[in-house]
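Q: target-v2.tsv is reproduced in full below (TSV, C-alpha atoms).
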chain	number	residue	atom	x	y	z
J	1	MET	CA	28.94	-14.30	13.42
J	2	THR	CA	25.51	-15.78	12.88
J	3	ASN	CA	23.06	-14.16	10.47
J	4	ARG	CA	21.13	-12.83	13.45
J	5	GLN	CA	24.28	-11.22	14.86
J	6	LEU	CA	25.10	-9.76	11.47
J	7	PHE	CA	21.56	-8.41	11.22
J	8	LEU	CA	21.81	-6.70	14.60
J	9	HIS	CA	25.35	-5.37	14.20
J	10	HIS	CA	25.66	-4.41	10.53
J	11	GLN	CA	22.13	-3.58	9.40
J	12	ALA	CA	20.44	-0.32	10.33
J	13	GLN	CA	17.60	-1.09	12.71
J	14	THR	CA	14.14	0.45	12.46
J	15	SER	CA	13.02	-0.28	16.01
J	16	PRO	CA	14.55	-1.28	19.36
J	17	ALA	CA	12.85	-4.69	19.19
J	18	PRO	CA	12.58	-6.19	15.69
J	19	ILE	CA	10.62	-9.42	15.35
J	20	GLY	CA	13.87	-11.08	14.32
J	21	LEU	CA	12.63	-14.27	12.64
J	22	GLU	CA	15.25	-15.67	10.28
J	23	ILE	CA	13.19	-16.72	7.27
J	24	VAL	CA	14.84	-19.16	4.87
J	25	SER	CA	11.94	-19.67	2.44
J	26	ALA	CA	8.38	-18.62	1.70
J	27	SER	CA	5.77	-20.23	-0.48
J	28	GLY	CA	2.06	-19.60	-1.00
J	29	ASN	CA	0.63	-18.41	2.30
J	30	TYR	CA	3.48	-19.64	4.51
J	31	LEU	CA	6.88	-18.57	5.85
J	32	TYR	CA	9.57	-21.02	7.01
J	33	ASP	CA	12.37	-20.12	9.43
J	34	VAL	CA	15.88	-21.40	9.99
J	35	ASP	CA	14.72	-23.59	12.91
J	36	GLY	CA	12.19	-25.45	10.78
J	37	ASN	CA	9.13	-23.60	12.07
J	38	THR	CA	6.19	-22.85	9.77
J	39	TYR	CA	4.14	-19.65	10.00
J	40	LEU	CA	0.79	-18.89	8.38
J	41	ASP	CA	1.32	-15.39	7.01
J	42	MET	CA	-1.47	-12.99	7.99
J	43	ILE	CA	0.09	-9.77	6.68
J	44	GLY	CA	1.50	-10.72	3.28
J	45	GLY	CA	4.50	-8.42	3.53
J	46	ILE	CA	2.08	-5.56	4.47
J	47	SER	CA	-0.28	-6.14	1.54
J	48	VAL	CA	2.51	-6.89	-0.94
J	49	CYS	CA	1.93	-10.60	-1.50
J	50	ASN	CA	-1.70	-10.49	-2.64
J	51	ILE	CA	-1.24	-13.63	-4.75
J	52	GLY	CA	0.91	-15.43	-2.17
J	53	HIS	CA	4.66	-15.84	-1.92
J	54	ARG	CA	6.64	-16.87	-4.99
J	55	HIS	CA	3.70	-17.38	-7.31
J	56	PRO	CA	5.07	-19.64	-10.10
J	57	ASP	CA	4.03	-17.21	-12.85
J	58	VAL	CA	5.91	-14.38	-11.14
J	59	VAL	CA	9.01	-16.50	-10.61
J	60	ALA	CA	8.94	-17.57	-14.26
J	61	ALA	CA	8.60	-13.96	-15.43
J	62	ILE	CA	11.56	-12.91	-13.26
J	63	LYS	CA	13.75	-15.69	-14.67
J	64	LYS	CA	12.74	-14.90	-18.26
J	65	GLN	CA	13.47	-11.19	-17.91
J	66	ALA	CA	16.75	-11.85	-16.10
J	67	ASP	CA	17.86	-13.85	-19.15
J	68	GLU	CA	17.12	-10.88	-21.42
J	69	TYR	CA	18.35	-7.74	-19.64
J	70	LEU	CA	18.49	-6.11	-16.22
J	71	HIS	CA	19.07	-2.37	-15.77
J	72	ILE	CA	20.18	-0.65	-18.97
J	73	MET	CA	19.37	3.07	-18.57
J	74	VAL	CA	17.64	5.52	-16.28
J	75	TYR	CA	13.85	5.39	-16.43
J	76	GLY	CA	12.14	6.91	-19.45
J	77	GLU	CA	14.96	7.12	-22.02
J	78	LEU	CA	14.77	3.70	-23.68
J	79	VAL	CA	11.81	1.60	-24.73
J	80	GLN	CA	11.67	-1.37	-22.39
J	81	SER	CA	8.99	-3.95	-23.09
J	82	PRO	CA	8.16	-4.85	-19.45
J	83	GLN	CA	7.47	-1.20	-18.64
J	84	ALA	CA	5.41	-0.48	-21.75
J	85	GLN	CA	3.38	-3.68	-21.54
J	86	TYR	CA	2.64	-3.33	-17.83
J	87	ALA	CA	1.64	0.33	-18.26
J	88	ARG	CA	-0.84	-0.74	-20.92
J	89	LEU	CA	-2.25	-3.53	-18.72
J	90	LEU	CA	-2.77	-1.13	-15.83
J	91	SER	CA	-4.39	1.47	-18.09
J	92	GLU	CA	-6.79	-1.13	-19.49
J	93	HIS	CA	-8.12	-1.72	-15.97
J	94	LEU	CA	-8.37	1.92	-14.90
J	95	PRO	CA	-10.75	4.75	-15.82
J	96	ALA	CA	-9.97	6.53	-19.11
J	97	THR	CA	-8.58	9.57	-17.28
J	98	LEU	CA	-5.89	7.40	-15.67
J	99	ASP	CA	-4.05	6.27	-18.77
J	100	CYS	CA	-0.42	7.31	-18.19
J	101	VAL	CA	1.87	5.53	-15.72
J	102	TYR	CA	5.12	6.72	-14.18
J	103	PHE	CA	6.90	3.76	-12.56
J	104	THR	CA	9.00	4.42	-9.46
J	105	ASN	CA	11.10	2.40	-7.01
J	106	SER	CA	8.51	2.42	-4.25
J	107	GLY	CA	5.23	3.75	-2.96
J	108	THR	CA	6.88	6.62	-1.13
J	109	GLU	CA	8.59	7.75	-4.34
J	110	ALA	CA	5.20	7.61	-6.04
J	111	THR	CA	3.95	10.01	-3.37
J	112	GLU	CA	6.87	12.37	-4.01
J	113	GLY	CA	6.30	12.28	-7.76
J	114	ALA	CA	2.58	12.97	-7.38
J	115	LEU	CA	3.17	15.95	-5.06
J	116	LYS	CA	5.67	17.39	-7.54
J	117	LEU	CA	3.26	16.85	-10.42
J	118	ALA	CA	0.45	18.61	-8.54
J	119	ARG	CA	2.59	21.64	-7.78
J	120	ARG	CA	3.96	21.76	-11.32
J	121	ALA	CA	0.55	21.44	-13.00
J	122	THR	CA	-1.35	23.90	-10.80
J	123	GLY	CA	1.37	26.43	-10.01
J	124	ARG	CA	0.19	26.27	-6.41
J	125	THR	CA	1.97	25.15	-3.26
J	126	ASP	CA	-0.54	24.26	-0.53
J	127	ILE	CA	-1.42	20.64	0.23
J	128	VAL	CA	-4.40	19.34	2.20
J	129	CYS	CA	-4.12	15.91	3.79
J	130	CYS	CA	-5.42	13.83	6.68
J	131	ASN	CA	-4.57	13.19	10.29
J	132	ASN	CA	-3.56	9.57	10.93
J	133	SER	CA	-2.59	9.06	7.30
J	134	TYR	CA	0.46	7.27	5.95
J	135	HIS	CA	2.00	7.92	2.53
J	136	GLY	CA	5.64	6.91	3.03
J	137	SER	CA	8.69	8.16	4.91
J	138	THR	CA	10.74	10.43	2.63
J	139	MET	CA	10.60	14.15	3.38
J	140	GLY	CA	7.65	15.07	1.15
J	141	ALA	CA	5.70	11.97	2.13
J	142	LEU	CA	6.59	12.58	5.78
J	143	SER	CA	5.22	16.12	5.50
J	144	VAL	CA	1.79	14.76	4.57
J	145	MET	CA	1.93	11.93	7.11
J	146	GLY	CA	-0.81	12.52	9.64
J	147	ASP	CA	0.84	12.03	13.01
J	148	GLU	CA	3.14	14.44	14.84
J	149	TYR	CA	4.94	11.65	16.71
J	150	TRP	CA	6.43	10.43	13.44
J	151	ARG	CA	7.02	13.89	11.92
J	152	ASN	CA	8.41	15.99	14.73
J	153	ALA	CA	11.99	14.69	14.81
J	154	TYR	CA	12.58	15.66	11.18
J	155	ARG	CA	11.32	19.24	11.02
J	156	PRO	CA	11.39	21.60	9.18
J	157	LEU	CA	9.22	19.82	6.61
J	158	LEU	CA	7.28	21.12	3.60
J	159	PRO	CA	5.45	24.37	4.35
J	160	GLY	CA	1.84	24.91	3.39
J	161	VAL	CA	0.65	21.46	4.43
J	162	TRP	CA	-2.69	21.38	6.25
J	163	HIS	CA	-3.88	18.32	8.16
J	164	HIS	CA	-7.55	17.66	8.94
J	165	ASN	CA	-9.56	14.66	10.07
J	166	TYR	CA	-10.62	12.04	7.55
J	167	ASN	CA	-14.34	12.27	6.73
J	168	SER	CA	-14.51	15.79	8.19
J	169	PRO	CA	-16.16	18.87	6.65
J	170	GLU	CA	-13.15	20.87	7.85
J	171	LEU	CA	-10.95	19.11	5.31
J	172	ILE	CA	-13.27	20.02	2.45
J	173	ASN	CA	-13.58	23.60	3.69
J	174	ALA	CA	-9.78	23.93	3.76
J	175	ILE	CA	-9.54	23.53	-0.03
J	176	ASN	CA	-9.22	26.85	-1.86
J	177	GLU	CA	-7.53	28.61	-4.79
J	178	HIS	CA	-4.12	28.13	-3.17
J	179	THR	CA	-4.46	24.35	-2.85
J	180	ALA	CA	-2.35	22.33	-5.29
J	181	CYS	CA	-3.70	18.97	-4.22
J	182	VAL	CA	-5.55	16.92	-1.66
J	183	ILE	CA	-3.91	13.59	-0.85
J	184	ILE	CA	-5.83	10.91	1.03
J	185	GLU	CA	-5.81	7.17	1.43
J	186	THR	CA	-8.88	5.73	-0.28
J	187	ILE	CA	-9.23	3.60	2.85
J	188	GLN	CA	-7.20	4.71	5.85
J	189	ALA	CA	-5.20	1.58	6.58
J	190	GLU	CA	-2.78	2.49	9.36
J	191	SER	CA	-5.60	4.12	11.34
J	192	GLY	CA	-7.07	0.66	11.80
J	193	VAL	CA	-9.08	0.34	8.56
J	194	LEU	CA	-11.30	3.40	8.30
J	195	PRO	CA	-13.30	3.74	5.06
J	196	PRO	CA	-14.56	7.08	3.75
J	197	ASP	CA	-18.16	8.18	3.89
J	198	THR	CA	-19.39	7.97	0.30
J	199	GLU	CA	-21.13	11.34	0.33
J	200	TRP	CA	-18.07	12.99	1.90
J	201	LEU	CA	-15.85	11.55	-0.83
J	202	LYS	CA	-18.19	12.83	-3.55
J	203	GLN	CA	-18.22	16.29	-1.95
J	204	LEU	CA	-14.44	16.20	-1.79
J	205	ARG	CA	-14.25	15.36	-5.49
J	206	LYS	CA	-16.61	18.23	-6.35
J	207	LYS	CA	-14.70	20.77	-4.25
J	208	CYS	CA	-11.43	19.77	-5.90
J	209	THR	CA	-12.99	20.07	-9.36
J	210	ASP	CA	-14.56	23.45	-8.56
J	211	THR	CA	-11.28	24.92	-7.26
J	212	GLY	CA	-8.92	23.36	-9.80
J	213	THR	CA	-7.31	21.27	-7.08
J	214	LEU	CA	-5.89	17.87	-7.98
J	215	LEU	CA	-7.25	14.91	-6.01
J	216	ILE	CA	-4.72	12.19	-5.18
J	217	PHE	CA	-5.84	8.78	-3.97
J	218	ASP	CA	-3.24	6.63	-2.24
J	219	GLU	CA	-4.06	3.00	-3.06
J	220	ILE	CA	-0.58	1.71	-2.26
J	221	GLN	CA	-1.97	-0.58	0.42
J	222	CYS	CA	-5.59	-1.09	-0.60
J	223	GLY	CA	-5.19	-1.64	-4.36
J	224	PHE	CA	-5.03	-4.87	-6.34
J	225	GLY	CA	-8.09	-6.58	-4.94
J	226	ARG	CA	-7.37	-6.11	-1.25
J	227	THR	CA	-10.79	-4.52	-0.60
J	228	GLY	CA	-12.83	-6.91	-2.76
J	229	LYS	CA	-12.61	-4.74	-5.87
J	230	LEU	CA	-9.54	-4.21	-8.02
J	231	TRP	CA	-9.27	-0.61	-6.77
J	232	GLY	CA	-10.57	0.79	-3.51
J	233	PHE	CA	-12.10	3.83	-5.22
J	234	ALA	CA	-14.32	1.50	-7.27
J	235	HIS	CA	-16.51	1.10	-4.16
J	236	TYR	CA	-17.41	4.80	-4.24
J	237	ASP	CA	-17.76	5.81	-7.90
J	238	VAL	CA	-15.22	8.61	-7.42
J	239	VAL	CA	-12.14	8.89	-9.65
J	240	PRO	CA	-8.97	10.73	-8.61
J	241	ASP	CA	-6.77	12.92	-10.80
J	242	ILE	CA	-3.67	11.04	-9.65
J	243	LEU	CA	-3.51	7.48	-8.32
J	244	LEU	CA	-0.67	6.11	-6.16
J	245	LEU	CA	0.22	2.43	-6.45
J	246	GLY	CA	2.84	0.24	-4.79
J	247	LYS	CA	3.19	-2.87	-2.61
J	248	ALA	CA	1.25	-5.54	-4.60
J	249	LEU	CA	2.07	-3.66	-7.83
J	250	GLY	CA	5.40	-5.52	-8.09
J	251	GLY	CA	4.17	-9.05	-7.40
J	252	GLY	CA	6.71	-9.29	-4.58
J	253	MET	CA	9.39	-7.13	-6.22
J	254	PRO	CA	10.01	-3.44	-5.35
J	255	LEU	CA	7.85	-1.21	-7.54
J	256	GLY	CA	5.68	1.88	-7.21
J	257	ALA	CA	3.80	4.12	-9.62
J	258	PHE	CA	1.78	7.29	-9.90
J	259	VAL	CA	-0.87	7.33	-12.59
J	260	ALA	CA	-2.64	10.30	-14.19
J	261	SER	CA	-3.94	11.42	-17.57
J	262	HIS	CA	-1.46	11.65	-20.42
J	263	ALA	CA	-2.04	15.42	-20.64
J	264	LEU	CA	-1.39	15.93	-16.94
J	265	MET	CA	1.70	13.72	-16.86
J	266	GLN	CA	3.23	15.68	-19.74
J	267	GLN	CA	3.74	18.54	-17.28
J	268	LEU	CA	6.84	16.68	-16.05
J	269	THR	CA	8.54	16.61	-19.47
J	270	ASP	CA	9.35	20.30	-19.93
J	271	LYS	CA	10.21	23.46	-17.95
J	272	PRO	CA	12.15	21.77	-16.51
J	273	VAL	CA	12.94	18.76	-18.63
J	274	LEU	CA	13.25	15.64	-16.45
J	275	GLY	CA	10.67	16.97	-14.00
J	276	HIS	CA	10.96	13.68	-12.17
J	277	ILE	CA	13.80	11.26	-12.76
J	278	THR	CA	14.67	7.91	-11.26
J	279	THR	CA	17.49	5.51	-12.01
J	280	PHE	CA	15.93	2.21	-10.99
J	281	GLY	CA	12.22	3.12	-11.10
J	282	GLY	CA	10.35	0.67	-13.29
J	283	HIS	CA	13.19	-1.84	-13.20
J	284	PRO	CA	12.47	-4.32	-16.02
J	285	VAL	CA	12.57	-7.36	-13.75
J	286	CYS	CA	10.16	-5.68	-11.30
J	287	CYS	CA	7.78	-4.69	-14.10
J	288	ALA	CA	7.86	-8.21	-15.57
J	289	ALA	CA	7.13	-9.64	-12.12
J	290	GLY	CA	4.37	-7.16	-11.43
J	291	MET	CA	2.65	-7.76	-14.75
J	292	ALA	CA	2.72	-11.52	-14.19
J	293	GLY	CA	1.32	-10.97	-10.70
J	294	MET	CA	-1.53	-8.78	-11.90
J	295	LYS	CA	-2.44	-11.25	-14.66
J	296	ALA	CA	-2.50	-14.07	-12.10
J	297	LEU	CA	-4.70	-12.00	-9.78
J	298	LEU	CA	-7.20	-11.44	-12.61
J	299	ASN	CA	-7.01	-14.86	-14.27
J	300	GLU	CA	-7.42	-16.80	-11.02
J	301	GLN	CA	-10.40	-14.60	-10.06
J	302	LEU	CA	-9.03	-14.12	-6.56
J	303	ILE	CA	-10.87	-10.84	-6.06
J	304	ALA	CA	-14.22	-12.62	-6.36
J	305	THR	CA	-13.33	-14.70	-3.27
J	306	VAL	CA	-12.57	-11.78	-0.98
J	307	ALA	CA	-16.10	-10.98	0.23
J	308	GLU	CA	-16.81	-14.53	1.46
J	309	LYS	CA	-13.44	-14.74	3.18
J	310	GLU	CA	-14.08	-11.39	4.86
J	311	LYS	CA	-17.44	-12.69	6.15
J	312	LEU	CA	-15.79	-15.83	7.52
J	313	PHE	CA	-13.27	-13.77	9.50
J	314	HIS	CA	-16.12	-11.76	11.01
J	315	ALA	CA	-18.06	-14.92	11.87
J	316	LEU	CA	-15.08	-16.52	13.63
J	317	LEU	CA	-13.46	-13.55	15.36
J	318	LYS	CA	-15.78	-13.69	18.36
J	319	HIS	CA	-14.18	-13.24	21.77
J	320	PRO	CA	-15.05	-11.11	24.81
J	321	LYS	CA	-11.63	-9.41	24.63
J	322	ILE	CA	-12.22	-8.25	21.04
J	323	LYS	CA	-13.70	-4.75	21.15
J	324	ALA	CA	-14.34	-4.39	17.40
J	325	VAL	CA	-13.50	-5.90	14.01
J	326	ARG	CA	-13.28	-3.41	11.13
J	327	SER	CA	-12.64	-4.45	7.55
J	328	MET	CA	-12.62	-3.57	3.90
J	329	GLY	CA	-12.24	-6.91	2.18
J	330	LEU	CA	-9.15	-8.67	3.49
J	331	LEU	CA	-7.79	-5.55	5.15
J	332	ILE	CA	-8.94	-6.17	8.73
J	333	ALA	CA	-8.30	-4.57	12.11
J	334	VAL	CA	-9.06	-6.51	15.28
J	335	GLU	CA	-9.30	-3.98	18.10
J	336	LEU	CA	-8.21	-4.95	21.62
J	337	GLU	CA	-8.11	-3.00	24.87
J	338	SER	CA	-4.53	-1.72	24.58
J	339	PRO	CA	-1.31	-1.82	22.52
J	340	GLU	CA	0.29	-3.89	25.28
J	341	ARG	CA	-2.37	-6.57	24.93
J	342	VAL	CA	-1.86	-6.60	21.15
J	343	ILE	CA	1.88	-7.25	21.60
J	344	GLU	CA	1.17	-10.07	24.05
J	345	VAL	CA	-1.31	-11.69	21.67
J	346	LEU	CA	0.99	-11.32	18.66
J	347	GLN	CA	3.81	-13.03	20.55
J	348	LYS	CA	1.55	-15.92	21.53
J	349	CYS	CA	0.28	-16.19	17.95
J	350	LEU	CA	3.85	-16.39	16.72
J	351	GLY	CA	4.51	-19.24	19.11
J	352	LYS	CA	1.54	-21.07	17.57
J	353	GLY	CA	2.72	-20.51	14.00
J	354	LEU	CA	0.72	-17.41	13.08
J	355	PHE	CA	2.55	-14.31	11.85
J	356	SER	CA	0.77	-10.97	12.22
J	357	ASP	CA	1.42	-7.35	13.22
J	358	TRP	CA	-0.18	-4.06	14.37
J	359	PHE	CA	-1.01	-0.68	12.77
J	360	LEU	CA	1.09	2.50	13.00
J	361	PHE	CA	-1.75	4.77	14.16
J	362	ALA	CA	-3.83	2.02	15.78
J	363	PRO	CA	-1.38	-0.01	17.87
J	364	ASN	CA	-4.31	-1.41	19.85
J	365	CYS	CA	-5.38	-3.35	16.74
J	366	ILE	CA	-4.11	-6.62	15.25
J	367	ARG	CA	-3.46	-6.35	11.52
J	368	ILE	CA	-4.98	-9.04	9.31
J	369	ALA	CA	-4.08	-8.67	5.63
J	370	PRO	CA	-3.22	-12.15	4.37
J	371	PRO	CA	-2.58	-13.13	0.77
J	372	LEU	CA	-5.88	-13.22	-1.10
J	373	THR	CA	-5.09	-16.89	-1.73
J	374	ILE	CA	-5.81	-17.78	1.91
J	375	THR	CA	-8.22	-20.71	2.17
J	376	SER	CA	-11.27	-21.18	4.38
J	377	ASP	CA	-9.42	-23.81	6.41
J	378	GLU	CA	-6.51	-21.43	6.92
J	379	ILE	CA	-8.89	-18.68	8.03
J	380	ARG	CA	-10.40	-21.07	10.58
J	381	LEU	CA	-6.94	-22.01	11.83
J	382	ALA	CA	-5.90	-18.37	12.10
J	383	CYS	CA	-8.99	-17.43	14.08
J	384	GLU	CA	-8.54	-20.42	16.38
J	385	ILE	CA	-4.96	-19.33	17.13
J	386	ILE	CA	-6.03	-15.72	17.73
J	387	SER	CA	-8.81	-16.85	20.09
J	388	TYR	CA	-6.44	-19.18	21.92
J	389	SER	CA	-3.88	-16.41	22.27
J	390	LEU	CA	-6.51	-14.03	23.62
If you convert what's in this file into C-alpha cells, what do you get?
A:
Amino acid sequence: MTNRQLFLHHQAQTSPAPIGLEIVSASGNYLYDVDGNTYLDMIGGISVCNIGHRHPDVVAAIKKQADEYLHIMVYGELVQSPQAQYARLLSEHLPATLDCVYFTNSGTEATEGALKLARRATGRTDIVCCNNSYHGSTMGALSVMGDEYWRNAYRPLLPGVWHHNYNSPELINAINEHTACVIIETIQAESGVLPPDTEWLKQLRKKCTDTGTLLIFDEIQCGFGRTGKLWGFAHYDVVPDILLLGKALGGGMPLGAFVASHALMQQLTDKPVLGHITTFGGHPVCCAAGMAGMKALLNEQLIATVAEKEKLFHALLKHPKIKAVRSMGLLIAVELESPERVIEVLQKCLGKGLFSDWFLFAPNCIRIAPPLTITSDEIRLACEIISYSL
C-alpha cells in the first residue's frame, strides 16, 4: 500500500475530506510534497511554526538533548535542565505574577490543568466562557468551547459552564461569588480574528478581582509574537491570573503550558498531592526545542517586523470578492461571501503553490497565519495567488 492508502486505511480520520498532501520535507516558509511540488506555507502549522520550519537552532537543540536523555520520569519528580531553564526564560518575559510554569503535552491539556487549578484554588465550580471560542478538544476544554455544533455529540459535559458573547456586558454580569474562573481567548482566533474591546477587558479584569474569580487568558494561538507583541495581552495592559500557552511554545515540537503565580500553582501540590500529573508533559526534547525557538524569536527581532508585514497584507488584499480583512499582527482573516467560495479559493491556491486553510467558527474566511519569517516578496506572491484564485 502507498503512504496515502495507509493514511486513509490505518489512521483515524478527523474529517471526510482531508487535504491529503504527502509532505516529505519542510524548511523555512515552505513545504515540499512527494511529487516535487513546493508550497508557500500561509498557516505555519496553525501558528506553531512562528520562526519557520526546522529552524537550525531548534534542530541543533533537539539533537543535543537527544544525545543526553529522552524521557526519564513523569513530569515534576526529577530536575531536568531543559524544563527548568525554559521555565525561567518564560518567566523573565512575563509579568511578575506569572512566574511559575507547568509544562503539559499540549494546549488542550494546559486548558484542563488551568480549569482544575481554578476550581482547586477557589473552591468554586462555575465557569464563564465565550461563544465561538476554542480551547481544545478534551472533555473539559470541549465544555468551554463556544459552539454547540462541536459540543453536542459528546454530552453530558461539565456542569456549571456559562457561555456568553465576547465583548458583551452579559459575560461580565454573569460573574459572581460562585464563579471559579473566566476563560477567554485574548484574541478570538477561530471566530475569524476578533480582538477584545480594551475597556471591556479592563472591566472584566476588575469584576474578576472584585469577586475573587480567576481570569484565564488563552494565548495558545496568539502568543509568541503572532500579534506584533510577544503576548497578546500586552496590547491591552491587562494581566491574567493564569496564562495558557501552546503551539509555538515548542518550536515545532509538541508542548503546552499553563502559567500562574508560584503561590497559586502550589495549590496543585497538596490535598490531593499530584493535583495534576502528566507522563510526557514538558518532555526534555520538546522543552529544549521550545527554548531554542523562543531565543531565536527574540534574538532575530522577528516581532518587530510583524506590523509592517501586516500593513503589506492589507495593502495587497484588494479584490471585489473580499468582504473584509481582519487582523491582529500576522493572524489574519480574509472574509469571503460563503464557506463554499473559501473552499474553492483554497483549492485553487493549492494548485498555485499556496497552502492555507479556514477557521472553525468562521468558515467563510481564509486563514492567513504564516511564519513570522515570511518576506515582503513572499507576501506579494501570496496575495497575487489569492487574487488570481478569487
Q: Could you check how far atom CA of Asp270 of chain J sits from atom CA of Leu244 of chain J, in Å to one decimal?
A: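 Separating atom CA of Asp270 of chain J from atom CA of Leu244 of chain J is a distance of 22.2 Å.
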Q: Kindly indicate which residue among J:Leu204, J:Ala333, J:Ala289, J:Leu316 lies nearest to Trp358 of chain J, using all atoms listed in the file for the distances.
A: J:Ala333
Q: From the set J:Glu378, J:Glu219, J:Glu92, J:Glu190, which residue has the shortest atom-to-atom contact distance to Ile332 of chain J, counting only C-alpha atoms?
A: J:Glu190
Q: Can you work out the spacing between atom CA of Ala153 of chain J and atom CA of Asp218 of chain J in Å, to one decimal?
A: 24.2 Å
Q: Compile the contact shell of Ile46 of chain J as a ChimeraX atom specification: residues with an atom at most 10 Å away, counting all atoms listed in the file, same-chain residues fewer than 4 positions apart removed.
A: /J:42,50,221,247-248,331,356-357,367-371
Q: Given the choices J:Trp150, J:Phe7, J:Tyr102, J:Tyr86, which gets closest to Met294 of chain J if the distance is worked out from all atoms listed in the file?
A: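 Under the stated criterion, the closest residue is J:Tyr86.
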Q: Select, from J:Gln11, J:Gln188, J:Thr305, J:Thr104, the residue with the minimum atom-to-atom distance to Gly76 of chain J, counting only C-alpha atoms.
A: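 So, comparing all the options, the nearest one is J:Thr104.
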Q: Please measure the separation of atom CA of Asn29 of chain J and atom CA of Ile187 of chain J, giving the value in Å to one decimal.
A: 24.1 Å
Q: Identify which of the residues J:Leu372, J:Ala60, J:Val101, J:Leu330 lies closest to His262 of chain J, counting all atoms listed in the file when measuring atom-to-atom distances.
A: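 Of all the options, J:Val101 lies closest to His262 of chain J.
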Q: Identify which of the residues J:Ala110, J:Val182, J:Leu230, J:Leu215 lies closest to Gly256 of chain J, counting all atoms listed in the file when measuring atom-to-atom distances.
A: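 Counting all atoms listed in the file, the residue closest to Gly256 of chain J is J:Ala110.
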Q: Quick one: everything within 9 Å of segment 258-261 of chain J, counting only C-alpha atoms, minus sequence neighbours fewer than 6 positions away in the same chain. Send it as a list in words.
A: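 In the requested form, the answer reads Ser91, Ala96, Thr97, Leu98, Asp99, Cys100, Val101, Tyr102, Phe103, Thr104, Gly107, Glu109, Ala110, Thr111, Gly113, Ala114, Pro240, Asp241, Ile242, Leu243, Leu244, Leu245 and Gly246 of chain J.
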Q: Just the residues within 6 Å of Leu255 of chain J, please, counting only C-alpha atoms, with nothing from its chain fewer than 5 positions along; format it as number ranges by chain.
A: J: 105-106, 246, 250
Q: Considering all atoms listed in the file, give me a table of residues in segment 150-211 of chain J that are at most 9 Å from segment 323-328 of chain J, with the closest atom pair and distance in Å for each, as JSON lines.
A:
{"residue": "J:Ile187", "atom": "CA", "partner": "J:Met328", "partner_atom": "CA", "distance": 8.0}
{"residue": "J:Gly192", "atom": "CA", "partner": "J:Arg326", "partner_atom": "CA", "distance": 7.5}
{"residue": "J:Val193", "atom": "CA", "partner": "J:Ser327", "partner_atom": "CA", "distance": 6.1}
{"residue": "J:Leu194", "atom": "CA", "partner": "J:Arg326", "partner_atom": "CA", "distance": 7.6}
{"residue": "J:Pro195", "atom": "CA", "partner": "J:Met328", "partner_atom": "CA", "distance": 7.4}
Q: Deliver the residues from the most recent selection as a file, using C-alpha atoms, as a compact mmCIF listing (two decimals), in the frame of the given file.
A:
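The resulting file, again-v7.txt, is shown below:
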# COMPACT_ATOMS: atom_id res chain seq x y z
CA ILE J 187 -9.23 3.60 2.85
CA GLY J 192 -7.07 0.66 11.80
CA VAL J 193 -9.08 0.34 8.56
CA LEU J 194 -11.30 3.40 8.30
CA PRO J 195 -13.30 3.74 5.06
Q: Excluding His276 of chain J and any residue of its chain fewer than 3 positions from it, enumerate the residues within 9 Å of it, using all atoms listed in the file, and give them as a list in words.
A: Gly113, Lys116, Leu117, Leu268, Thr269 and Val273 of chain J
Q: Set the distance at 10 Å and use only C-alpha atoms: which residues neighbour Gly52 of chain J once local chain neighbours fewer than 5 positions away are removed? I'd like the list as a list in words.
A: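 So the residues in contact are Ala26, Ser27, Gly28, Asn29, Tyr30, Asp41, Gly44, Gly45, Gly251, Gly252, Gly293, Pro370, Pro371, Leu372, Thr373 and Ile374 of chain J.
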